[in-house]
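Student: Sharing query-v4.cif (mmCIF, C-alpha atoms, pLDDT in the B column; chains and numbers go by the auth columns) below.
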```cif
data_my_file
loop_
_atom_site.group_PDB
_atom_site.id
_atom_site.type_symbol
_atom_site.label_atom_id
_atom_site.label_comp_id
_atom_site.label_asym_id
_atom_site.label_seq_id
_atom_site.Cartn_x
_atom_site.Cartn_y
_atom_site.Cartn_z
_atom_site.B_iso_or_equiv
_atom_site.auth_seq_id
_atom_site.auth_asym_id
ATOM 1 C CA MET A 1 58.103 62.217 147.818 54.00 170 A
ATOM 2 C CA ASN A 2 57.059 60.473 144.645 51.00 171 A
ATOM 3 C CA ARG A 3 59.163 59.910 141.556 54.00 172 A
ATOM 4 C CA SER A 4 57.611 62.837 139.687 56.00 173 A
ATOM 5 C CA ASP A 5 58.375 65.272 142.500 54.00 174 A
ATOM 6 C CA MET A 6 61.969 64.024 142.639 49.00 175 A
ATOM 7 C CA ASP A 7 62.372 64.527 138.908 52.00 176 A
ATOM 8 C CA ASN A 8 60.979 68.059 139.137 56.00 177 A
ATOM 9 C CA GLN A 9 63.343 68.884 141.976 55.00 178 A
ATOM 10 C CA THR A 10 66.282 67.517 140.025 53.00 179 A
ATOM 11 C CA ASP A 11 65.315 69.638 137.025 56.00 180 A
ATOM 12 C CA GLN A 12 65.112 72.726 139.225 53.00 181 A
ATOM 13 C CA ILE A 13 68.556 72.035 140.668 47.00 182 A
ATOM 14 C CA ASP A 14 69.946 71.527 137.155 52.00 183 A
ATOM 15 C CA GLN A 15 68.429 74.814 136.055 52.00 184 A
ATOM 16 C CA ILE A 16 70.245 76.554 138.884 46.00 185 A
ATOM 17 C CA VAL A 17 73.546 74.685 138.639 46.00 186 A
ATOM 18 C CA ALA A 18 73.933 74.713 134.822 50.00 187 A
ATOM 19 C CA PRO A 19 74.027 78.526 134.474 49.00 188 A
ATOM 20 C CA ALA A 20 76.395 78.712 137.449 50.00 189 A
ATOM 21 C CA LYS A 21 78.738 76.219 135.772 56.00 190 A
ATOM 22 C CA ALA A 22 78.481 78.161 132.517 49.00 191 A
ATOM 23 C CA VAL A 23 79.403 81.365 134.326 46.00 192 A
ATOM 24 C CA GLN A 24 82.346 79.601 135.947 57.00 193 A
ATOM 25 C CA GLU A 25 83.548 78.318 132.570 57.00 194 A
ATOM 26 C CA ILE A 26 83.209 81.778 131.015 47.00 195 A
ATOM 27 C CA ALA A 27 85.104 83.315 133.931 50.00 196 A
ATOM 28 C CA LYS A 28 87.789 80.635 133.626 56.00 197 A
ATOM 29 C CA THR A 29 88.117 81.259 129.872 53.00 198 A
ATOM 30 C CA ALA A 30 88.262 85.003 130.435 49.00 199 A
ATOM 31 C CA ARG A 31 90.995 84.588 133.085 61.00 200 A
ATOM 32 C CA ASN A 32 92.970 82.364 130.732 58.00 201 A
ATOM 33 C CA ALA A 33 92.594 84.902 127.923 53.00 202 A
ATOM 34 C CA ILE A 34 93.710 87.736 130.193 54.00 203 A
ATOM 35 C CA ASP A 35 96.682 85.710 131.406 61.00 204 A
ATOM 36 C CA ALA A 36 97.622 84.802 127.829 58.00 205 A
ATOM 37 C CA ALA A 37 97.286 88.416 126.686 56.00 206 A
ATOM 38 C CA ARG A 38 99.392 89.616 129.618 63.00 207 A
ATOM 39 C CA GLU A 39 102.062 86.989 128.969 63.00 208 A
ATOM 40 C CA ALA A 40 102.163 87.694 125.229 56.00 209 A
ATOM 41 C CA GLY A 41 101.963 91.438 125.856 54.00 210 A
ATOM 42 C CA GLY A 42 104.947 91.261 128.156 59.00 211 A
ATOM 43 C CA PHE A 43 106.867 89.259 125.583 56.00 212 A
ATOM 44 C CA ILE A 44 106.079 91.741 122.784 50.00 213 A
ATOM 45 C CA ALA A 45 106.765 94.741 125.043 54.00 214 A
ATOM 46 C CA ARG A 46 110.323 93.510 125.548 55.00 215 A
ATOM 47 C CA PHE A 47 110.929 93.642 121.800 54.00 216 A
ATOM 48 C CA VAL A 48 109.281 96.988 121.063 47.00 217 A
ATOM 49 C CA SER A 49 110.747 98.686 124.153 54.00 218 A
ATOM 50 C CA GLY A 50 107.304 99.744 125.301 58.00 219 A
ATOM 51 C CA PRO A 51 105.107 99.296 128.392 60.00 220 A
ATOM 52 C CA LEU A 52 103.134 96.150 129.106 53.00 221 A
ATOM 53 C CA GLU A 53 99.890 97.865 128.113 57.00 222 A
ATOM 54 C CA GLN A 54 101.261 98.599 124.662 55.00 223 A
ATOM 55 C CA GLY A 55 102.425 95.024 124.271 55.00 224 A
ATOM 56 C CA MET A 56 98.989 93.746 125.264 56.00 225 A
ATOM 57 C CA GLY A 57 97.410 96.135 122.775 59.00 226 A
ATOM 58 C CA ILE A 58 99.583 94.743 120.016 54.00 227 A
ATOM 59 C CA PHE A 59 98.635 91.211 120.987 53.00 228 A
ATOM 60 C CA GLU A 60 94.919 92.025 121.059 56.00 229 A
ATOM 61 C CA ASP A 61 95.081 93.751 117.693 58.00 230 A
ATOM 62 C CA LYS A 62 98.106 92.535 115.785 57.00 231 A
ATOM 63 C CA LEU A 63 97.760 95.303 113.191 50.00 232 A
ATOM 64 C CA LYS A 64 97.258 98.128 115.666 61.00 233 A
ATOM 65 C CA TYR A 65 100.880 99.150 116.114 61.00 234 A
ATOM 66 C CA MET A 66 101.854 98.662 112.489 65.00 235 A
ATOM 67 C CA ARG A 67 98.794 100.519 111.229 72.00 236 A
ATOM 68 C CA TRP A 68 99.466 103.450 113.549 75.00 237 A
ATOM 69 C CA GLU A 69 103.058 103.668 112.370 80.00 238 A
ATOM 70 C CA ARG A 70 102.109 103.386 108.705 83.00 239 A
ATOM 71 C CA GLN A 71 99.250 105.871 109.081 85.00 240 A
ATOM 72 C CA VAL A 72 101.659 108.428 110.534 86.00 241 A
ATOM 73 C CA ARG A 73 104.061 107.902 107.649 89.00 242 A
ATOM 74 C CA LEU A 74 101.233 108.193 105.106 89.00 243 A
ATOM 75 C CA MET A 75 100.070 111.483 106.635 90.00 244 A
ATOM 76 C CA GLN A 76 103.597 112.864 106.710 91.00 245 A
ATOM 77 C CA LYS A 77 104.218 111.883 103.084 92.00 246 A
ATOM 78 C CA ALA A 78 100.910 113.363 101.922 91.00 247 A
ATOM 79 C CA GLU A 79 101.650 116.641 103.727 91.00 248 A
ATOM 80 C CA GLU A 80 105.111 116.718 102.156 93.00 249 A
ATOM 81 C CA LEU A 81 103.608 116.233 98.699 93.00 250 A
ATOM 82 C CA LEU A 82 101.037 118.963 99.284 91.00 251 A
ATOM 83 C CA ARG A 83 103.819 121.368 100.258 93.00 252 A
ATOM 84 C CA SER A 84 105.751 120.447 97.115 93.00 253 A
ATOM 85 C CA LEU A 85 102.667 121.554 95.165 93.00 254 A
ATOM 86 C CA ASN A 86 102.474 124.805 97.138 93.00 255 A
ATOM 87 C CA LEU A 87 99.219 123.636 98.720 91.00 256 A
ATOM 88 C CA SER A 88 98.426 124.080 102.402 89.00 257 A
ATOM 89 C CA ALA A 89 95.392 121.793 102.221 88.00 258 A
ATOM 90 C CA PRO A 90 93.410 119.619 99.773 90.00 259 A
ATOM 91 C CA THR A 91 91.465 121.603 97.189 89.00 260 A
ATOM 92 C CA ARG A 92 88.721 119.054 96.525 89.00 261 A
ATOM 93 C CA ALA A 93 87.005 116.332 98.498 89.00 262 A
ATOM 94 C CA VAL A 94 87.875 112.725 97.730 90.00 263 A
ATOM 95 C CA PRO A 95 84.709 110.611 97.228 89.00 264 A
ATOM 96 C CA LEU A 96 84.171 108.193 100.107 89.00 265 A
ATOM 97 C CA LYS A 97 84.007 105.183 97.764 91.00 266 A
ATOM 98 C CA ILE A 98 87.619 105.975 96.875 91.00 267 A
ATOM 99 C CA ALA A 99 88.849 107.505 100.126 90.00 268 A
ATOM 100 C CA ILE A 100 87.828 104.666 102.463 89.00 269 A
ATOM 101 C CA PRO A 101 89.456 101.739 100.585 92.00 270 A
ATOM 102 C CA LEU A 102 92.470 103.970 99.802 92.00 271 A
ATOM 103 C CA PHE A 103 93.062 104.834 103.477 90.00 272 A
ATOM 104 C CA GLN A 104 92.529 101.227 104.538 89.00 273 A
ATOM 105 C CA ALA A 105 94.992 99.804 102.039 92.00 274 A
ATOM 106 C CA ALA A 106 97.580 102.555 102.462 92.00 275 A
ATOM 107 C CA SER A 107 97.580 102.242 106.248 87.00 276 A
ATOM 108 C CA ILE A 108 98.675 98.587 106.169 86.00 277 A
ATOM 109 C CA GLU A 109 101.162 98.874 103.291 92.00 278 A
ATOM 110 C CA ASP A 110 104.540 97.998 104.769 89.00 279 A
ATOM 111 C CA ASP A 111 106.652 98.794 101.702 95.00 280 A
ATOM 112 C CA ASN A 112 107.739 102.451 101.593 95.00 281 A
ATOM 113 C CA PHE A 113 107.993 102.558 97.803 96.00 282 A
ATOM 114 C CA LEU A 114 104.397 101.390 97.424 97.00 283 A
ATOM 115 C CA GLN A 115 103.114 103.539 100.272 96.00 284 A
ATOM 116 C CA ASP A 116 104.579 106.566 98.483 96.00 285 A
ATOM 117 C CA LYS A 117 102.410 105.590 95.526 97.00 286 A
ATOM 118 C CA TRP A 118 99.382 105.543 97.822 96.00 287 A
ATOM 119 C CA ALA A 119 100.247 109.001 99.147 95.00 288 A
ATOM 120 C CA ILE A 120 100.603 110.358 95.601 96.00 289 A
ATOM 121 C CA LEU A 121 97.304 108.779 94.579 96.00 290 A
ATOM 122 C CA LEU A 122 95.636 110.409 97.580 93.00 291 A
ATOM 123 C CA VAL A 123 97.122 113.851 96.896 93.00 292 A
ATOM 124 C CA ASN A 124 96.236 113.721 93.201 94.00 293 A
ATOM 125 C CA ALA A 125 92.672 112.787 94.147 93.00 294 A
ATOM 126 C CA ALA A 126 92.533 115.751 96.548 91.00 295 A
ATOM 127 C CA ASN A 127 94.143 118.283 94.172 92.00 296 A
ATOM 128 C CA ALA A 128 91.659 120.014 91.872 92.00 297 A
ATOM 129 C CA GLU A 129 94.532 121.109 89.624 92.00 298 A
ATOM 130 C CA SER A 130 96.093 117.672 89.175 92.00 299 A
ATOM 131 C CA GLY A 131 94.153 117.007 85.976 92.00 300 A
ATOM 132 C CA ILE A 132 93.726 113.423 87.167 92.00 301 A
ATOM 133 C CA GLU A 133 90.508 111.585 87.885 91.00 302 A
ATOM 134 C CA VAL A 134 91.400 108.965 90.455 92.00 303 A
ATOM 135 C CA ARG A 135 89.225 105.923 89.823 94.00 304 A
ATOM 136 C CA ARG A 136 88.313 103.094 92.173 95.00 305 A
ATOM 137 C CA ALA A 137 90.060 100.758 89.724 96.00 306 A
ATOM 138 C CA PHE A 138 93.371 102.485 90.515 97.00 307 A
ATOM 139 C CA VAL A 139 92.952 101.658 94.207 97.00 308 A
ATOM 140 C CA GLU A 140 92.243 98.029 93.362 97.00 309 A
ATOM 141 C CA ILE A 141 95.255 97.813 91.031 98.00 310 A
ATOM 142 C CA LEU A 142 97.648 99.302 93.569 97.00 311 A
ATOM 143 C CA GLU A 143 96.387 96.837 96.184 96.00 312 A
ATOM 144 C CA GLN A 144 97.239 93.922 93.893 97.00 313 A
ATOM 145 C CA ILE A 145 100.740 94.744 92.670 97.00 314 A
ATOM 146 C CA SER A 146 104.158 94.231 94.232 97.00 315 A
ATOM 147 C CA PRO A 147 107.077 96.689 94.445 97.00 316 A
ATOM 148 C CA LEU A 148 108.719 94.891 91.503 97.00 317 A
ATOM 149 C CA GLU A 149 105.569 95.256 89.412 98.00 318 A
ATOM 150 C CA ALA A 150 105.284 98.948 90.270 97.00 319 A
ATOM 151 C CA LYS A 151 108.896 99.467 89.211 97.00 320 A
ATOM 152 C CA ILE A 152 108.250 97.682 85.919 96.00 321 A
ATOM 153 C CA LEU A 153 105.324 100.016 85.254 97.00 322 A
ATOM 154 C CA ASP A 154 107.461 103.078 86.036 96.00 323 A
ATOM 155 C CA VAL A 155 110.093 101.947 83.531 96.00 324 A
ATOM 156 C CA VAL A 156 107.619 100.925 80.819 95.00 325 A
ATOM 157 C CA TYR A 157 105.554 104.109 81.019 96.00 326 A
ATOM 158 C CA SER A 158 108.596 106.368 81.009 94.00 327 A
ATOM 159 C CA LEU A 159 108.762 105.631 77.254 92.00 328 A
ATOM 160 C CA PRO A 160 106.570 107.478 74.709 91.00 329 A
ATOM 161 C CA PHE A 161 103.153 105.858 74.920 90.00 330 A
ATOM 162 C CA LYS A 162 101.934 106.128 71.329 89.00 331 A
ATOM 163 C CA GLU A 163 105.072 104.631 69.812 87.00 332 A
ATOM 164 C CA THR A 164 105.370 101.792 72.302 86.00 333 A
ATOM 165 C CA GLN A 165 101.651 101.027 72.156 85.00 334 A
ATOM 166 C CA HIS A 166 102.070 100.435 68.445 84.00 335 A
ATOM 167 C CA ASP A 167 105.512 98.799 68.332 86.00 336 A
ATOM 168 C CA GLY A 168 105.821 97.184 71.751 88.00 337 A
ATOM 169 C CA ILE A 169 108.696 97.108 74.240 90.00 338 A
ATOM 170 C CA PHE A 170 111.641 94.766 74.715 88.00 339 A
ATOM 171 C CA ALA A 171 111.163 93.119 78.122 88.00 340 A
ATOM 172 C CA SER A 172 114.496 91.325 78.454 87.00 341 A
ATOM 173 C CA ASP A 173 116.108 93.852 80.814 88.00 342 A
ATOM 174 C CA LEU A 174 113.114 94.712 83.011 92.00 343 A
ATOM 175 C CA PRO A 175 112.886 96.175 85.604 93.00 344 A
ATOM 176 C CA ASN A 176 116.241 97.901 85.053 93.00 345 A
ATOM 177 C CA SER A 177 115.436 99.377 81.658 89.00 346 A
ATOM 178 C CA ALA A 178 113.155 99.046 78.635 87.00 347 A
ATOM 179 C CA ARG A 179 113.436 99.990 74.980 86.00 348 A
ATOM 180 C CA ARG A 180 110.951 100.419 72.214 86.00 349 A
ATOM 181 C CA TYR A 181 110.699 97.279 70.089 81.00 350 A
ATOM 182 C CA THR A 182 112.343 97.563 66.682 74.00 351 A
ATOM 183 C CA GLU A 183 113.400 95.101 64.033 56.00 352 A
ATOM 184 C CA LYS A 184 116.986 96.257 64.585 62.00 353 A
ATOM 185 C CA GLY A 185 117.169 94.853 68.074 57.00 354 A
ATOM 186 C CA ASN A 186 120.154 92.698 68.979 55.00 355 A
ATOM 187 C CA ARG A 187 120.152 89.106 70.187 51.00 356 A
ATOM 188 C CA GLU A 188 119.971 90.102 73.879 52.00 357 A
ATOM 189 C CA ASP A 189 116.796 92.073 73.182 55.00 358 A
ATOM 190 C CA GLY A 190 115.038 88.902 72.077 64.00 359 A
ATOM 191 C CA LEU A 191 115.755 87.008 75.280 78.00 360 A
ATOM 192 C CA GLU A 192 112.990 86.333 77.755 84.00 361 A
ATOM 193 C CA PRO A 193 113.196 88.086 81.135 88.00 362 A
ATOM 194 C CA SER A 194 113.665 86.177 84.386 90.00 363 A
ATOM 195 C CA ASP A 195 110.875 83.963 85.699 92.00 364 A
ATOM 196 C CA GLU A 196 110.205 86.502 88.458 95.00 365 A
ATOM 197 C CA VAL A 197 109.713 89.253 85.888 94.00 366 A
ATOM 198 C CA LYS A 198 107.540 87.017 83.695 93.00 367 A
ATOM 199 C CA LEU A 199 105.287 86.325 86.677 95.00 368 A
ATOM 200 C CA ALA A 200 105.158 90.071 87.380 96.00 369 A
ATOM 201 C CA ILE A 201 104.209 90.787 83.760 95.00 370 A
ATOM 202 C CA ALA A 202 101.514 88.108 83.939 94.00 371 A
ATOM 203 C CA ASN A 203 99.984 89.755 87.001 96.00 372 A
ATOM 204 C CA LEU A 204 100.192 93.211 85.405 97.00 373 A
ATOM 205 C CA ALA A 205 98.384 91.754 82.406 95.00 374 A
ATOM 206 C CA ARG A 206 95.739 90.334 84.762 96.00 375 A
ATOM 207 C CA VAL A 207 95.014 93.785 86.211 97.00 376 A
ATOM 208 C CA GLY A 208 95.011 95.341 82.739 96.00 377 A
ATOM 209 C CA CYS A 209 98.236 97.383 82.913 97.00 378 A
ATOM 210 C CA LEU A 210 100.300 95.491 80.305 95.00 379 A
ATOM 211 C CA LYS A 211 99.813 93.052 77.448 91.00 380 A
ATOM 212 C CA PRO A 212 102.380 90.300 76.784 87.00 381 A
ATOM 213 C CA GLY A 213 103.060 89.257 73.218 75.00 382 A
ATOM 214 C CA MET A 214 101.307 86.234 71.776 65.00 383 A
ATOM 215 C CA SER A 215 102.772 83.326 69.852 60.00 384 A
ATOM 216 C CA TRP A 216 101.238 81.927 66.671 61.00 385 A
ATOM 217 C CA GLY A 217 99.813 79.115 68.801 57.00 386 A
ATOM 218 C CA GLY A 218 98.102 81.567 71.148 58.00 387 A
ATOM 219 C CA GLY A 219 100.528 81.258 74.058 61.00 388 A
ATOM 220 C CA GLU A 220 102.145 84.170 75.899 70.00 389 A
ATOM 221 C CA ARG A 221 105.516 85.492 74.738 75.00 390 A
ATOM 222 C CA PHE A 222 107.408 87.610 77.217 82.00 391 A
ATOM 223 C CA GLN A 223 110.169 88.952 74.989 85.00 392 A
ATOM 224 C CA LYS A 224 107.871 91.790 73.946 87.00 393 A
ATOM 225 C CA ILE A 225 105.109 93.575 75.847 91.00 394 A
ATOM 226 C CA ASN A 226 102.695 96.386 75.063 92.00 395 A
ATOM 227 C CA PRO A 227 101.409 99.179 77.302 95.00 396 A
ATOM 228 C CA THR A 228 97.664 99.766 77.759 96.00 397 A
ATOM 229 C CA ILE A 229 95.445 102.797 78.221 96.00 398 A
ATOM 230 C CA LEU A 230 94.515 101.626 81.726 97.00 399 A
ATOM 231 C CA GLY A 231 98.169 101.146 82.640 97.00 400 A
ATOM 232 C CA LYS A 232 99.078 104.596 81.320 96.00 401 A
ATOM 233 C CA GLU A 233 96.317 106.321 83.302 97.00 402 A
ATOM 234 C CA PHE A 234 97.112 104.337 86.458 97.00 403 A
ATOM 235 C CA VAL A 235 100.823 105.189 86.367 97.00 404 A
ATOM 236 C CA GLN A 236 100.005 108.841 85.709 96.00 405 A
ATOM 237 C CA ALA A 237 97.685 108.860 88.735 96.00 406 A
ATOM 238 C CA CYS A 238 100.571 107.530 90.841 96.00 407 A
ATOM 239 C CA ARG A 239 102.971 110.275 89.721 95.00 408 A
ATOM 240 C CA ILE A 240 103.100 113.719 91.213 89.00 409 A
ATOM 241 C CA LYS A 241 103.034 116.685 88.856 79.00 410 A
ATOM 242 C CA GLN A 242 105.157 119.468 90.308 66.00 411 A
ATOM 243 C CA ALA A 243 103.794 123.001 90.428 56.00 412 A
#
```
Starting from the file, lay out its structure as structure tokens.
Tutor:
Amino acid sequence: MNRSDMDNQTDQIDQIVAPAKAVQEIAKTARNAIDAAREAGGFIARFVSGPLEQGMGIFEDKLKYMRWERQVRLMQKAEELLRSLNLSAPTRAVPLKIAIPLFQAASIEDDNFLQDKWAILLVNAANAESGIEVRRAFVEILEQISPLEAKILDVVYSLPFKETQHDGIFASDLPNSARRYTEKGNREDGLEPSDEVKLAIANLARVGCLKPGMSWGGGERFQKINPTILGKEFVQACRIKQA
């Protein structure tokens, strides 16, 4: 056998052996993955008081269990809100460009206060008598705010809009309370809120729901804030109007 024939034979053997080795490696990786999933699934199952299969499912999709739980709560809350409006079912279809991102975000929201906002937004979008046009922007805003920021909006927009839009609002006691800005305010009214609240106001300004005051030098002043049209409409869309 000459050198060329030997090389050809070697190549043929390699062509047979290489795929076999690849299959073995894939099988080995798959076995390791199954073993890891089983081990992790068993560990998780101990903590959720469920079967091994459920634990493995949680490991394979870490959001699966939480999303199921939150989806159930969202559905229950939406049904409760519909009943409070004397509605047995939605009275208008929610556009898919709003419904899909709304369902996705609401189903992974782990804060009950915020998920209630999602349920209200959904019901208002599905209620022809709500008088509210739920916009995609509202979905995006709700995705980007924290429970503290939502509470600040509730307090701010509980005040008369026209007056506070013109005069502004003292921010020193947010999120506990807010008062319309007047020249007769006391010293405490002129204090800045906590750093946490200032950061919340800054984010609410970023999404267009509030405007902080401005200093003569152009910097932000947090003693006084102003509501916005977008903020007003967003908060209204996240409030249920009883029948």
Student: With the PyMOL selection byres ((chain A and resi 253-256) around 10) as the selection, what would be picked from this file? Answer as a ChimeraX atom specification, please.
Tutor: /A:247-252,257-260,292,296,298-299,409-412
Student: Choose the residue, out of A:Lys331, A:Arg242, A:Arg349, A:Lys286, that has the smallest atom-to-atom separation from Thr397 in chain A; count all atoms listed in the file.
Tutor: A:Lys331
Student: Would you compute the distance between CA of Glu302 in chain A and CA of Pro270 in chain A? Give it in Å to one decimal.
Tutor: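 Rounded to one decimal, the two atoms are 16.1 Å apart.
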Student: Using CA of Ala295 in chain A and CA of Pro264 in chain A as the two end points, give the distance in Å to one decimal.
Tutor: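 Answer for the CA of Ala295 in chain A to CA of Pro264 in chain A separation: 9.4 Å.
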Student: In Å, how far is it from CA of Gln313 in chain A to CA of Val376 in chain A?
Tutor: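 So the two atoms, CA of Gln313 in chain A and CA of Val376 in chain A, lie 8.0 Å apart.
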Student: Write out as a list in words each polymer residue whose atoms come within 6 Å of Gln334 in chain A, counting only C-alpha atoms; drop sequence neighbours fewer than 3 positions from it.
Tutor: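 Listing them by chain and then by number gives Phe330, Lys331, Gly337, Asn395 and Pro396 of chain A.
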Student: So what does the PyMOL selection byres ((chain A and resi 315-321) around 12) actually pick up in this one, as a PyMOL selection string?
Tutor: chain A and resi 278-287+310-314+322-328+338+340-347+362+365-376+378-379+394+396+400+403-404+407-408
Student: For Phe272 in chain A, which residue among A:Pro381, A:Val241, A:Glu361, A:Lys401 is the nearest when counting only C-alpha atoms?
Tutor: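 So, comparing all the options, the nearest one is A:Val241.
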Student: On this structure, which residues satisfy the PyMOL selection byres ((chain A and resi 271) around 10), written as a list in words?
Tutor: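 Applying the expression gives Leu265, Lys266, Ile267, Ala268, Ile269, Pro270, Phe272, Gln273, Ala274, Ala275, Ser276, Trp287, Ala288, Leu290, Leu291, Arg305, Phe307, Val308, Glu309, Leu311 and Glu312 of chain A.
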Student: Find the residue from A:Ala406, A:Ile301, A:Leu360, A:Leu243 that sits nearest to Lys393 in chain A; use all atoms listed in the file when measuring.
Tutor: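 So, comparing all the options, the nearest one is A:Leu360.
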Student: Is it possible to get the axis-aligned box enclosing range 395-400 of chain A (all listed atoms, 8 Å extra per side) as AutoDock Vina command-line options, with centre and edge lengths in Å rounded to one decimal?
Tutor:
```
--center_x 98.6 --center_y 99.6 --center_z 78.9 --size_x 24.2 --size_y 22.4 --size_z 23.6
```
